[in-house]
Amino acid sequence: MMTTVLFILALGLPLGALLACTSPALRRALLPWLWLAPLPSLVLAVLAEPNAAWSLGNEQFAVHFALDRPGRILLGVAALLWSVAGMYAVTWLHDQPKQGSFVVTWLMTLTGCVGVFLAADLISFYFLLAVLSVGASGMVLQGKGEDALRASSIYLGLALLAESFLLAGLVLLAAAAPNDSLLIRDAVAALPSSSNRELTMTLLLIGLGIKAGLVPLHFWLPLAHGAAPMPSSAVLGGVIVKIGMLGMIRFLPLDIAAPNFGLPLAAIGLFGALYGVAIGLTQQNPKHILAYSSVSQMSFLAAVVGMGLTTGAAGTAVAVAFYAAHHLLVKGALFLAVGVIARTGRRHLLPMLLPAAVIALGLGGLALTGGALTKYAAKDLLGDGLAGTVAMISSVATSLLMLHFLRTLLQNTHVDSNARPPNGLAWPWLIMALASVVVPWTLYLVIPINTLSQALAPSTLWDGLWPVLLGVVFAIGLERWRHRLPRIPTGDVAVVLYTLGRANAALGVWGERLDNVTRRWVVATMTLITLAILFVWEFVR
Amino acid sequence: MNTATLFGLCASMLIGLGLYGLLTHPHPLRKILALNVIGSGIFLLFGAIAFRGAAAGMNADPVPQALLITGIVVAFSASALAVALLLRLFEVTGDVSLANEDPAAHKDTSKDRPHD
Amino acid sequence: MTESPASLLLVLAVLLPFTGVIFGLLIGGRHVRTVALTTVALGLAVIGGIVWHALGTCSGSGTAIEYVLGGWSPPLGIRLRADGLSVLMLLAVAVVISLVSVYAHADFAPHDSGKETRAPLVFWLMLLAIWGSLNLVFVSGDLFTLYVALELLTFAGVPLVALDGRGETLRAALRYLLFALLGSLLYLLGAVLLYGAYGTLDIQLLSQVVRPEALSWAALALMTVGLLAKTALFPLHIWLPPAHAGAPAAASALLSALVVKGSWFLVLRLWFDVMPNVVTLSAAQLLAALGAAAIIVGNIVALRQLRLKLLIAYSTVAQIGYLFLMFPLAFGLAFAGMDSAPALTGGMLQTISHALAKAAMFLAAGLIYLTLGHDRISDLRGVAQALPMTVTALALAGASLIGLPPSGGFLAKWLLLSAALESGQWWWGAVMLLGGLLTSVYVFIIVVRSLAPAEAGWMPKTRVPQYQQMAVLALALSAFLLGLAALSPVDLVQLGRTPLSLLRGTP
């Protein structure tokens, strides 16, 4: 009973607030209350009994929602970030002109996001994903100038491209499911015996790969995260990039070994994990560095999924969700930090910068942080072979990238060395920083991933120290070579897209010419007669 | 060669001639005439079919005749509408060419194009 | 079946609009709008009655509604027949017609001075005539009545194209008329050949006797191609863009949303109901290939347009292509011995959601033109401020065209995509997805540009009445929520229809 109420509130509160936005007056009045909308989801994630479910509809057609373990972990931390970022947004936006549209896109994305985390059938998953994508591209559009417009259009374009692949994959999944069931669980269970298994998984992996920002279709991510307003960047970089991961957990039959899909995915992922760091090191804007770090981290996670898929390891889903939850908290917090430190003078910097340093290095796996726990949980899945080695290199590289981030953060402080950040920004940031250490520990012990003594064993601690120390050494080395680093434009391979734009224009001219020719009277009449003959021929054949 | 075949061949010739005229003559009035020639061909064919029904022992198949009358009325209205439009077009523009249409659509678009 | 009062409603659905036309002509200019709106209200009630009855029979006997005119049964007499397809089309057209009438209430008001009443007079009469002829197309049971209905539809559409009397619209109207005439002559030729071979034009009688032989191949090819010319399927879209873009907004909405659907519906009747055993899969593939070309070329050219109305017109060229993708899917499934009903339902949903969405888009473009004094896509600043409901409507209608859930376009895409993959014709699925992506580009551009803020101190050229915006929004919303039809407990599409596989027999 209580679970049902929580389900209704978790989905209904953001949706109701979104519908209330049809009134322009209410729209602006809602801004101070944005932080409330995700709270029912948080309560649901904490309190719901295992495998809680809720459905709405009749026998002909119903939408189903459910809370499995990975979904629960991710929903809880996502709701926390949404709520805190909502508080941050009040101060961030108080003197901005476009508050109304910010609120609309925020609530639309939130509705889609909560829905996607909870969706248990194919149709509502796709529907809510579309809501999320449209809302998120609107969020990017709230940024300033032509850059935001370009980033937003590329974001929406790639999102819809991904959803086209996904739709085809979902239709195949639905066709494979027994008794016309549209439940994700039934469809995925039937997938291994489907005759279209290879095609389905390829389509799904392409779609989800784009959503997760895998190289080479990752370029939308740094562009979008760089252009959006700060609170939006935090949820985009923290929550929204996880959708691809969540989809992989949901839709891939992880308990069955499928090395022909797992190994390529792992290879692409491990390559992306290093590629994201390499490009990130050439960036100067802290937001772009964080975005490239997301590319790297999501690729790394895809590699974990790939290795899990290769061996058919049943624990993959929870390990991935745990890793993703930590990244969600840290990345969200760091985006908030960028905004705080830009308004902090040198003299008050330390209390703001120190937590940022700790949790940033946590991404590299710094001992005692949540990062060390997540790396530890993923370690067994990657094994000791090549993948394990690359994972260690990735830890070192991530530490290096985070040191680069901290360095650019230092260069972006307020010009007035006495400036203090407004409380409305500083507190949300500190709450998130604290949460990104405390929550992973709690999850580690509650799920449970492993024992406390394991996490505090000397060998584990050493594993969490040396990559970071090595990263520091490299960072010092890099300092000497900094001026030799190439300047790679944000969005790197998106440059190709601009040349594609030219080819596209040529295609347009060609289409226009074809259109003009076919619309000549003589040509049209001749076509008509030819078509008649063609049809007769086709009937006779 | 019986009468029905002769009518049929005649009808096909009319349809062919009409199509040829429709293709080769740019003047709209000639196109209207060409369409009428095609129409006559079809009506002739229909008449031949009714006649063939008569050859089968009936007194002449009445259905095609009824349909023919309707068809002729429709064709007549179509021609009238087309000629009226043509006259109006001549009044307004002083020109009856059908060739160049929507000049506004095909300017150089490079400046106004959204980036893609 | 015996005639019930509901059967008489079929006659009324056709007669009422034409009675309105005659009445309007007699009473004349000043009251024509009142006559038209009254007729629309009455007609809506008639259609409502038909739908109500159809829903009733759907769960009951499951037979189509029929009426035999004058008690003369075919082959000598004429039969009106409404199956599931007809009822759905009747309903969709009635919704579009009535909302367009609400919108046009302000645009085509009769002038009190009595000087220039030509445009309102022609608009309202032709609106009724289009409605009457479309209803006739949907309920006709024989091929010759269908010919007359199609001609009436063209004759009603042509004056709407040339409503403002400018030279270029007159030229567009003449081109439309001449090309459509050629199309209907080809159709007539095909019908004549069929009569010559089988001695009847009644759809049901014909479907029982028609055989796959040279004559029926020729007849079906001629009729199909003639109808394609009237539907403006690429590359036979010679007349569509200038005609649809040049007419006033309300007229464009009627032409683009409804008039092209008439001849499309007839192709559907011919292929699915009259000659399913003559049709071959490769011919259906050819039809869909033309559709695919329409989707790709139409969308690419739409992206090149500078004016909103031309863009929407080219979007119609592309969307017409979608309507023909269902043919190989349904026949592919039927050939493989599977249920072809989902493909047919998908195609019908595609048609109806396009009718609703496209009407909304053209009307929205009309309001934007009134507000800005132009419709250049490069400068739509301030539209969202002046017309918030209209921009919402544009976005919702666009989402339906792209196929985002829960729109009718999405449900159609889902059904057609499943059919494509199940019948092993994934390439048509790929075309659908590609088309959706191209559509999203121009919808995004339009919506984002109209969201841009206006210059300080800018004032709209004309204040648009609120109810016009609401009519547009209602159209867009019905397209956007059409996907919820999945919740419907009855399958109206299949009312009174024989499954394709049974009609075909075993090949």
# chains A, B, ... in the order shown; residues from 1 in each chain; ligands from 1
>>> closest_atom_pairs(of="chain C", to="chain B", cutoff="8 Å", atoms="only C-alpha atoms", output="JSON lines")
{"residue": "C:Leu76", "atom": "CA", "partner": "B:Val63", "partner_atom": "CA", "distance": 7.0}
{"residue": "C:Phe144", "atom": "CA", "partner": "B:Leu67", "partner_atom": "CA", "distance": 7.5}
{"residue": "C:Val148", "atom": "CA", "partner": "B:Val74", "partner_atom": "CA", "distance": 7.4}
{"residue": "C:Glu151", "atom": "CA", "partner": "B:Val74", "partner_atom": "CA", "distance": 7.4}
{"residue": "C:Phe155", "atom": "CA", "partner": "B:Ala78", "partner_atom": "CA", "distance": 7.4}
{"residue": "C:Arg166", "atom": "CA", "partner": "B:Val92", "partner_atom": "CA", "distance": 7.2}
{"residue": "C:Gly167", "atom": "CA", "partner": "B:Thr93", "partner_atom": "CA", "distance": 5.7}
{"residue": "C:Glu168", "atom": "CA", "partner": "B:Glu101", "partner_atom": "CA", "distance": 7.0}
{"residue": "C:Leu170", "atom": "CA", "partner": "B:Leu89", "partner_atom": "CA", "distance": 5.9}
{"residue": "C:Arg171", "atom": "CA", "partner": "B:Leu98", "partner_atom": "CA", "distance": 6.3}
{"residue": "C:Ala172", "atom": "CA", "partner": "B:Glu101", "partner_atom": "CA", "distance": 7.5}
{"residue": "C:Ala173", "atom": "CA", "partner": "B:Leu85", "partner_atom": "CA", "distance": 7.8}
{"residue": "C:Leu174", "atom": "CA", "partner": "B:Leu85", "partner_atom": "CA", "distance": 6.4}
{"residue": "C:Arg175", "atom": "CA", "partner": "B:Leu98", "partner_atom": "CA", "distance": 6.9}
{"residue": "C:Leu177", "atom": "CA", "partner": "B:Ala82", "partner_atom": "CA", "distance": 7.0}
{"residue": "C:Leu178", "atom": "CA", "partner": "B:Ile32", "partner_atom": "CA", "distance": 7.2}
{"residue": "C:Leu181", "atom": "CA", "partner": "B:Leu35", "partner_atom": "CA", "distance": 7.5}
{"residue": "C:Leu182", "atom": "CA", "partner": "B:Leu35", "partner_atom": "CA", "distance": 6.7}
{"residue": "C:Leu185", "atom": "CA", "partner": "B:Gly39", "partner_atom": "CA", "distance": 6.6}
{"residue": "C:Leu188", "atom": "CA", "partner": "B:Ile42", "partner_atom": "CA", "distance": 7.6}
{"residue": "C:Leu189", "atom": "CA", "partner": "B:Ile42", "partner_atom": "CA", "distance": 5.9}
{"residue": "C:Val192", "atom": "CA", "partner": "B:Phe46", "partner_atom": "CA", "distance": 6.0}
{"residue": "C:Gly196", "atom": "CA", "partner": "B:Ile49", "partner_atom": "CA", "distance": 5.6}
{"residue": "C:Pro242", "atom": "CA", "partner": "B:Asp102", "partner_atom": "CA", "distance": 6.1}
{"residue": "C:Arg304", "atom": "CA", "partner": "B:Thr109", "partner_atom": "CA", "distance": 7.1}
{"residue": "C:Gln305", "atom": "CA", "partner": "B:Ala105", "partner_atom": "CA", "distance": 6.6}
{"residue": "C:Leu306", "atom": "CA", "partner": "B:Ala105", "partner_atom": "CA", "distance": 7.1}
{"residue": "C:Arg307", "atom": "CA", "partner": "B:Ala105", "partner_atom": "CA", "distance": 7.7}
{"residue": "C:Leu310", "atom": "CA", "partner": "B:Ala105", "partner_atom": "CA", "distance": 7.6}
{"residue": "C:Ser378", "atom": "CA", "partner": "B:Asp112", "partner_atom": "CA", "distance": 5.9}
{"residue": "C:Ile445", "atom": "CA", "partner": "B:Pro114", "partner_atom": "CA", "distance": 7.5}
>>> interface_residues(of="chain A", to="chain C", cutoff="9 Å", atoms="only C-alpha atoms", output="ChimeraX atom specification")
/A:57-62,123-124,126-128,130-131,141,149,153,156-157,160-161,164-165,167-168,171-172,174-175,505,507-509,511-512,514-516,518-521,524-525,527-529,531-541
>>> closest_residue(among="A:Leu122, A:Val439, A:Val495, A:Ile184", to="chain B", atoms="only C-alpha atoms")
A:Val495
>>> residues_around(residues="Arg449 of chain C", least_positions_apart="3", cutoff="9 Å", atoms="only C-alpha atoms", output="PyMOL selection string")
chain C and resi 377-383+444-446+452-453
>>> residues_around(residues="Ile243 of chain A", least_positions_apart="6", cutoff="9 Å", atoms="only C-alpha atoms", output="JSON, numbers by chain")
{"A": [113, 116, 117, 129, 208, 211, 212]}
>>> residues_around(residues="segment 93-103 of chain A", least_positions_apart="6", cutoff="8 Å", atoms="only C-alpha atoms", output="short mmCIF file (atom, residue, chain, number, x, y, z; two decimals) with N, CA and C atoms, in the first residue's frame")
data_model
loop_
_atom_site.label_atom_id
_atom_site.label_comp_id
_atom_site.auth_asym_id
_atom_site.auth_seq_id
_atom_site.Cartn_x
_atom_site.Cartn_y
_atom_site.Cartn_z
N PRO A 24 1.89 30.43 -16.69
CA PRO A 24 3.18 31.13 -16.62
C PRO A 24 3.50 31.65 -15.22
N ARG A 27 4.76 28.84 -13.10
CA ARG A 27 6.04 28.36 -13.60
C ARG A 27 7.19 29.00 -12.81
N ARG A 28 7.14 30.34 -12.68
CA ARG A 28 8.23 31.02 -11.99
C ARG A 28 8.17 30.76 -10.49
N LEU A 30 7.45 28.13 -9.09
CA LEU A 30 7.87 26.77 -8.75
C LEU A 30 9.37 26.66 -8.47
N LEU A 31 10.15 27.63 -8.98
CA LEU A 31 11.62 27.51 -8.89
C LEU A 31 12.12 27.19 -7.47
N LEU A 34 11.73 23.37 -6.51
CA LEU A 34 12.20 22.28 -7.38
C LEU A 34 12.83 21.15 -6.57
N MET A 139 17.22 21.67 -21.57
CA MET A 139 18.12 22.14 -20.49
C MET A 139 19.41 22.71 -21.07
N GLN A 142 19.17 26.15 -22.42
CA GLN A 142 19.11 27.26 -21.47
C GLN A 142 20.45 27.97 -21.32
#
>>> select_by_dssp(residues="segment 292-487 of chain A", states="alpha helix (DSSP H)", output="VMD selection string")
chain A and resid 292 to 311 316 to 341 350 to 363 370 to 382 386 to 411 423 to 446 452 to 456 458 to 463 466 to 481
>>> write_last_selection(atoms="C-alpha atoms", output="tab-separated table (two decimals), in the first residue's frame")
chain	number	residue	atom	x	y	z
A	292	TYR	CA	35.64	14.24	-20.84
A	293	SER	CA	36.19	12.49	-17.55
A	294	SER	CA	32.56	11.32	-17.83
A	295	VAL	CA	33.32	9.97	-21.30
A	296	SER	CA	36.26	8.10	-19.83
A	297	GLN	CA	34.36	6.78	-16.81
A	298	MET	CA	31.28	5.69	-18.75
A	299	SER	CA	33.51	3.92	-21.25
A	300	PHE	CA	35.24	2.18	-18.37
A	301	LEU	CA	31.87	1.06	-17.04
A	302	ALA	CA	30.88	-0.19	-20.48
A	303	ALA	CA	34.07	-2.23	-20.41
A	304	VAL	CA	33.02	-3.71	-17.06
A	305	VAL	CA	29.64	-4.60	-18.56
A	306	GLY	CA	31.44	-6.06	-21.57
A	307	MET	CA	33.66	-8.24	-19.42
A	308	GLY	CA	30.65	-9.32	-17.36
A	309	LEU	CA	28.82	-10.21	-20.57
A	310	THR	CA	31.84	-12.17	-21.79
A	311	THR	CA	31.92	-14.44	-18.77
A	316	THR	CA	27.76	-7.50	-12.94
A	317	ALA	CA	24.53	-5.53	-12.63
A	318	VAL	CA	24.98	-4.61	-8.98
A	319	ALA	CA	28.71	-3.88	-9.35
A	320	VAL	CA	28.02	-1.59	-12.30
A	321	ALA	CA	25.17	0.14	-10.51
A	322	PHE	CA	27.39	0.69	-7.47
A	323	TYR	CA	30.19	2.15	-9.59
A	324	ALA	CA	27.72	4.30	-11.49
A	325	ALA	CA	26.15	5.54	-8.25
A	326	HIS	CA	29.52	6.72	-6.98
A	327	HIS	CA	30.34	8.44	-10.24
A	328	LEU	CA	26.89	10.04	-10.23
A	329	LEU	CA	27.44	11.61	-6.82
A	330	VAL	CA	31.00	12.74	-7.45
A	331	LYS	CA	30.46	14.14	-10.93
A	332	GLY	CA	27.32	15.99	-9.83
A	333	ALA	CA	29.16	17.40	-6.84
A	334	LEU	CA	32.17	18.50	-8.89
A	335	PHE	CA	29.98	20.43	-11.36
A	336	LEU	CA	28.45	22.23	-8.41
A	337	ALA	CA	31.98	22.89	-7.14
A	338	VAL	CA	33.00	24.57	-10.40
A	339	GLY	CA	30.22	27.11	-9.90
A	340	VAL	CA	31.08	27.65	-6.24
A	341	ILE	CA	34.79	28.12	-6.74
A	350	LEU	CA	40.58	26.06	1.05
A	351	PRO	CA	37.30	24.85	2.65
A	352	MET	CA	35.75	24.72	-0.81
A	353	LEU	CA	38.70	23.26	-2.72
A	354	LEU	CA	39.79	20.56	-0.30
A	355	PRO	CA	36.60	18.44	-0.51
A	356	ALA	CA	36.76	18.83	-4.29
A	357	ALA	CA	40.31	17.48	-4.29
A	358	VAL	CA	39.38	14.49	-2.15
A	359	ILE	CA	36.35	13.38	-4.10
A	360	ALA	CA	37.96	14.16	-7.48
A	361	LEU	CA	40.86	11.86	-6.65
A	362	GLY	CA	38.24	9.39	-5.45
A	363	LEU	CA	37.37	8.92	-9.12
A	370	GLY	CA	33.89	5.77	-2.27
A	371	GLY	CA	35.97	5.47	-5.40
A	372	ALA	CA	38.27	2.91	-3.81
A	373	LEU	CA	35.25	0.79	-2.91
A	374	THR	CA	33.79	0.90	-6.40
A	375	LYS	CA	37.08	0.05	-8.04
A	376	TYR	CA	37.37	-2.82	-5.63
A	377	ALA	CA	33.88	-4.07	-6.52
A	378	ALA	CA	34.63	-3.93	-10.26
A	379	LYS	CA	38.06	-5.53	-9.94
A	380	ASP	CA	36.93	-9.15	-9.96
A	381	LEU	CA	34.84	-8.66	-13.07
A	382	LEU	CA	37.78	-7.31	-15.04
A	386	LEU	CA	44.75	-7.33	-20.22
A	387	ALA	CA	41.48	-5.75	-19.10
A	388	GLY	CA	42.69	-5.61	-15.51
A	389	THR	CA	45.93	-3.94	-16.57
A	390	VAL	CA	44.12	-1.38	-18.67
A	391	ALA	CA	41.82	-0.72	-15.73
A	392	MET	CA	44.83	0.11	-13.57
A	393	ILE	CA	46.24	2.38	-16.25
A	394	SER	CA	42.82	4.01	-16.37
A	395	SER	CA	42.97	4.66	-12.61
A	396	VAL	CA	46.31	6.39	-12.99
A	397	ALA	CA	45.07	8.33	-16.00
A	398	THR	CA	41.91	9.42	-14.19
A	399	SER	CA	43.98	10.66	-11.25
A	400	LEU	CA	46.10	12.63	-13.70
A	401	LEU	CA	43.02	14.12	-15.35
A	402	MET	CA	41.51	15.06	-12.01
A	403	LEU	CA	44.73	16.83	-10.98
A	404	HIS	CA	44.54	18.73	-14.25
A	405	PHE	CA	40.93	19.60	-13.35
A	406	LEU	CA	41.94	20.86	-9.92
A	407	ARG	CA	44.65	22.97	-11.50
A	408	THR	CA	42.20	24.66	-13.90
A	409	LEU	CA	39.81	25.09	-10.98
A	410	LEU	CA	42.50	27.10	-9.22
A	411	GLN	CA	42.85	29.35	-12.25
A	423	ASN	CA	25.41	30.17	0.98
A	424	GLY	CA	22.78	28.95	-1.47
A	425	LEU	CA	25.60	27.58	-3.63
A	426	ALA	CA	28.19	26.59	-1.02
A	427	TRP	CA	25.92	24.45	1.16
A	428	PRO	CA	24.46	22.31	-1.61
A	429	TRP	CA	28.00	21.68	-2.83
A	430	LEU	CA	29.25	20.67	0.60
A	431	ILE	CA	26.24	18.41	1.15
A	432	MET	CA	26.93	16.66	-2.13
A	433	ALA	CA	30.65	16.36	-1.32
A	434	LEU	CA	29.82	14.74	1.98
A	435	ALA	CA	27.23	12.47	0.38
A	436	SER	CA	29.67	11.27	-2.24
A	437	VAL	CA	31.87	9.84	0.52
A	438	VAL	CA	29.22	8.66	2.98
A	439	VAL	CA	26.68	7.15	0.61
A	440	PRO	CA	29.07	4.74	-1.17
A	441	TRP	CA	30.28	3.46	2.22
A	442	THR	CA	26.70	2.97	3.36
A	443	LEU	CA	25.77	1.19	0.15
A	444	TYR	CA	28.90	-0.95	0.39
A	445	LEU	CA	27.87	-2.20	3.79
A	446	VAL	CA	24.09	-2.36	3.26
A	452	LEU	CA	34.33	-3.82	6.27
A	453	SER	CA	37.55	-5.59	7.07
A	454	GLN	CA	38.13	-6.34	3.40
A	455	ALA	CA	37.70	-2.67	2.54
A	456	LEU	CA	40.18	-1.67	5.23
A	458	PRO	CA	46.26	-3.01	3.89
A	459	SER	CA	46.43	-4.48	0.39
A	460	THR	CA	43.17	-2.75	-0.56
A	461	LEU	CA	44.42	0.52	0.85
A	462	TRP	CA	47.68	0.22	-1.07
A	463	ASP	CA	45.70	-0.50	-4.27
A	466	TRP	CA	49.66	3.89	-5.70
A	467	PRO	CA	47.64	4.80	-8.83
A	468	VAL	CA	46.91	8.20	-7.32
A	469	LEU	CA	50.55	8.73	-6.33
A	470	LEU	CA	51.64	7.70	-9.81
A	471	GLY	CA	49.09	10.15	-11.17
A	472	VAL	CA	50.67	12.91	-9.07
A	473	VAL	CA	54.11	12.04	-10.44
A	474	PHE	CA	52.81	12.19	-14.00
A	475	ALA	CA	51.02	15.44	-13.28
A	476	ILE	CA	54.28	17.02	-12.17
A	477	GLY	CA	55.91	15.70	-15.30
A	478	LEU	CA	53.09	17.01	-17.42
A	479	GLU	CA	53.51	20.48	-15.94
A	480	ARG	CA	56.83	20.78	-17.85
A	481	TRP	CA	55.28	19.71	-21.12
>>> residues_around(residues="Phe480 of chain C", least_positions_apart="6", cutoff="10 Å", atoms="only C-alpha atoms", output="JSON, numbers by chain")
{"C": [353, 356, 357, 393, 395, 396, 397, 398, 399, 400, 401, 403, 404, 405, 406, 407, 408, 409, 410, 474]}
>>> write_last_selection(atoms="N, CA and C atoms", output="short mmCIF file (atom, residue, chain, number, x, y, z; two decimals), in the first residue's frame")
data_model
loop_
_atom_site.label_atom_id
_atom_site.label_comp_id
_atom_site.auth_asym_id
_atom_site.auth_seq_id
_atom_site.Cartn_x
_atom_site.Cartn_y
_atom_site.Cartn_z
N SER C 353 -3.06 10.25 -37.87
CA SER C 353 -2.25 11.18 -37.08
C SER C 353 -1.60 12.23 -37.98
N LEU C 356 -4.32 14.92 -38.59
CA LEU C 356 -4.49 15.82 -37.45
C LEU C 356 -3.28 16.74 -37.29
N ALA C 357 -2.09 16.14 -37.34
CA ALA C 357 -0.88 16.92 -37.08
C ALA C 357 -0.64 17.94 -38.20
N ALA C 393 1.46 23.78 -29.81
CA ALA C 393 0.79 22.94 -30.80
C ALA C 393 1.78 22.48 -31.88
N ALA C 395 4.97 22.11 -31.57
CA ALA C 395 5.88 21.11 -31.00
C ALA C 395 5.18 19.76 -30.88
N LEU C 396 3.93 19.76 -30.43
CA LEU C 396 3.21 18.49 -30.26
C LEU C 396 2.94 17.83 -31.61
N ALA C 397 2.51 18.66 -32.59
CA ALA C 397 2.25 18.11 -33.93
C ALA C 397 3.56 17.57 -34.51
N GLY C 398 4.65 18.31 -34.28
CA GLY C 398 5.96 17.86 -34.76
C GLY C 398 6.34 16.55 -34.12
N ALA C 399 6.09 16.43 -32.80
CA ALA C 399 6.43 15.19 -32.10
C ALA C 399 5.65 14.02 -32.69
N SER C 400 4.42 14.30 -33.14
CA SER C 400 3.62 13.23 -33.74
C SER C 400 4.19 12.84 -35.10
N LEU C 401 4.64 13.85 -35.87
CA LEU C 401 5.23 13.54 -37.17
C LEU C 401 6.52 12.74 -37.00
N GLY C 403 7.19 10.87 -34.49
CA GLY C 403 6.84 9.55 -33.97
C GLY C 403 7.31 9.36 -32.54
N LEU C 404 7.27 10.45 -31.75
CA LEU C 404 7.62 10.32 -30.34
C LEU C 404 6.38 9.84 -29.57
N PRO C 405 6.56 8.96 -28.58
CA PRO C 405 5.41 8.53 -27.80
C PRO C 405 4.87 9.68 -26.96
N PRO C 406 3.60 9.71 -26.61
CA PRO C 406 2.54 8.73 -26.92
C PRO C 406 1.74 9.08 -28.17
N SER C 407 2.36 9.74 -29.15
CA SER C 407 1.59 10.22 -30.29
C SER C 407 1.10 9.06 -31.15
N GLY C 408 0.12 9.39 -32.02
CA GLY C 408 -0.36 8.40 -32.96
C GLY C 408 0.76 7.95 -33.88
N GLY C 409 1.65 8.90 -34.22
CA GLY C 409 2.79 8.57 -35.07
C GLY C 409 3.66 7.50 -34.45
N PHE C 410 3.80 7.54 -33.12
CA PHE C 410 4.64 6.54 -32.44
C PHE C 410 4.01 5.15 -32.54
N ALA C 474 -6.03 21.99 -30.08
CA ALA C 474 -6.89 20.80 -29.98
C ALA C 474 -6.50 19.78 -31.05
#
>>> residues_around(residues="Gly21 of chain B", least_positions_apart="3", cutoff="8 Å", atoms="only C-alpha atoms", output="CSV table (one decimal) with C-alpha atoms, in the first residue's frame")
chain,number,residue,atom,x,y,z
B,17,LEU,CA,-3.2,10.7,-79.4
B,18,GLY,CA,-4.5,12.4,-76.3
B,24,THR,CA,4.1,17.7,-76.3
B,25,HIS,CA,1.9,20.8,-76.2
B,30,ARG,CA,-4.2,22.3,-75.8
B,31,LYS,CA,-3.7,20.2,-72.8
B,34,ALA,CA,-5.9,16.5,-75.2
>>> select_by_dssp(residues="segment 11-250 of chain A", states="strand (DSSP E)", output="PDB file with N, CA and C atoms, in the first residue's frame")
ATOM      1  N   ALA A  52       9.783  -4.138  -5.447  1.00  0.00           N
ATOM      2  CA  ALA A  52       8.462  -3.523  -5.435  1.00  0.00           C
ATOM      3  C   ALA A  52       8.022  -3.232  -6.867  1.00  0.00           C
ATOM      4  N   ALA A  53       6.716  -3.306  -7.127  1.00  0.00           N
ATOM      5  CA  ALA A  53       6.224  -3.043  -8.477  1.00  0.00           C
ATOM      6  C   ALA A  53       4.864  -2.383  -8.418  1.00  0.00           C
ATOM      7  N   TRP A  54       4.518  -1.704  -9.500  1.00  0.00           N
ATOM      8  CA  TRP A  54       3.234  -1.020  -9.579  1.00  0.00           C
ATOM      9  C   TRP A  54       2.846  -0.922 -11.035  1.00  0.00           C
ATOM     10  N   SER A  55       1.553  -1.165 -11.340  1.00  0.00           N
ATOM     11  CA  SER A  55       1.162  -1.006 -12.742  1.00  0.00           C
ATOM     12  C   SER A  55      -0.147  -0.253 -12.843  1.00  0.00           C
ATOM     13  N   LEU A  56      -0.349   0.322 -14.012  1.00  0.00           N
ATOM     14  CA  LEU A  56      -1.487   1.202 -14.245  1.00  0.00           C
ATOM     15  C   LEU A  56      -2.057   0.868 -15.607  1.00  0.00           C
ATOM     16  N   GLY A  57      -3.366   0.580 -15.669  1.00  0.00           N
ATOM     17  CA  GLY A  57      -3.971   0.311 -16.973  1.00  0.00           C
ATOM     18  C   GLY A  57      -4.939  -0.850 -16.885  1.00  0.00           C
ATOM     19  N   ALA A  62      -1.266  -2.006 -20.289  1.00  0.00           N
ATOM     20  CA  ALA A  62      -0.949  -1.408 -18.998  1.00  0.00           C
ATOM     21  C   ALA A  62       0.502  -0.957 -19.001  1.00  0.00           C
ATOM     22  N   VAL A  63       0.787   0.055 -18.210  1.00  0.00           N
ATOM     23  CA  VAL A  63       2.188   0.432 -18.037  1.00  0.00           C
ATOM     24  C   VAL A  63       2.654  -0.118 -16.694  1.00  0.00           C
ATOM     25  N   HIS A  64       3.877  -0.628 -16.699  1.00  0.00           N
ATOM     26  CA  HIS A  64       4.397  -1.272 -15.492  1.00  0.00           C
ATOM     27  C   HIS A  64       5.624  -0.528 -14.979  1.00  0.00           C
ATOM     28  N   PHE A  65       5.692  -0.415 -13.671  1.00  0.00           N
ATOM     29  CA  PHE A  65       6.876   0.167 -13.051  1.00  0.00           C
ATOM     30  C   PHE A  65       7.381  -0.796 -11.990  1.00  0.00           C
ATOM     31  N   ALA A  66       8.678  -0.854 -11.818  1.00  0.00           N
ATOM     32  CA  ALA A  66       9.229  -1.752 -10.811  1.00  0.00           C
ATOM     33  C   ALA A  66      10.559  -1.194 -10.339  1.00  0.00           C
ATOM     34  N   LEU A  67      10.983  -1.693  -9.203  1.00  0.00           N
ATOM     35  CA  LEU A  67      12.222  -1.204  -8.610  1.00  0.00           C
ATOM     36  C   LEU A  67      13.114  -2.406  -8.348  1.00  0.00           C
TER      37      LEU A  67
END
>>> closest_residue(among="A:Thr530, A:Thr3, A:Thr109, A:Asn504", to="chain B", atoms="only C-alpha atoms")
A:Asn504
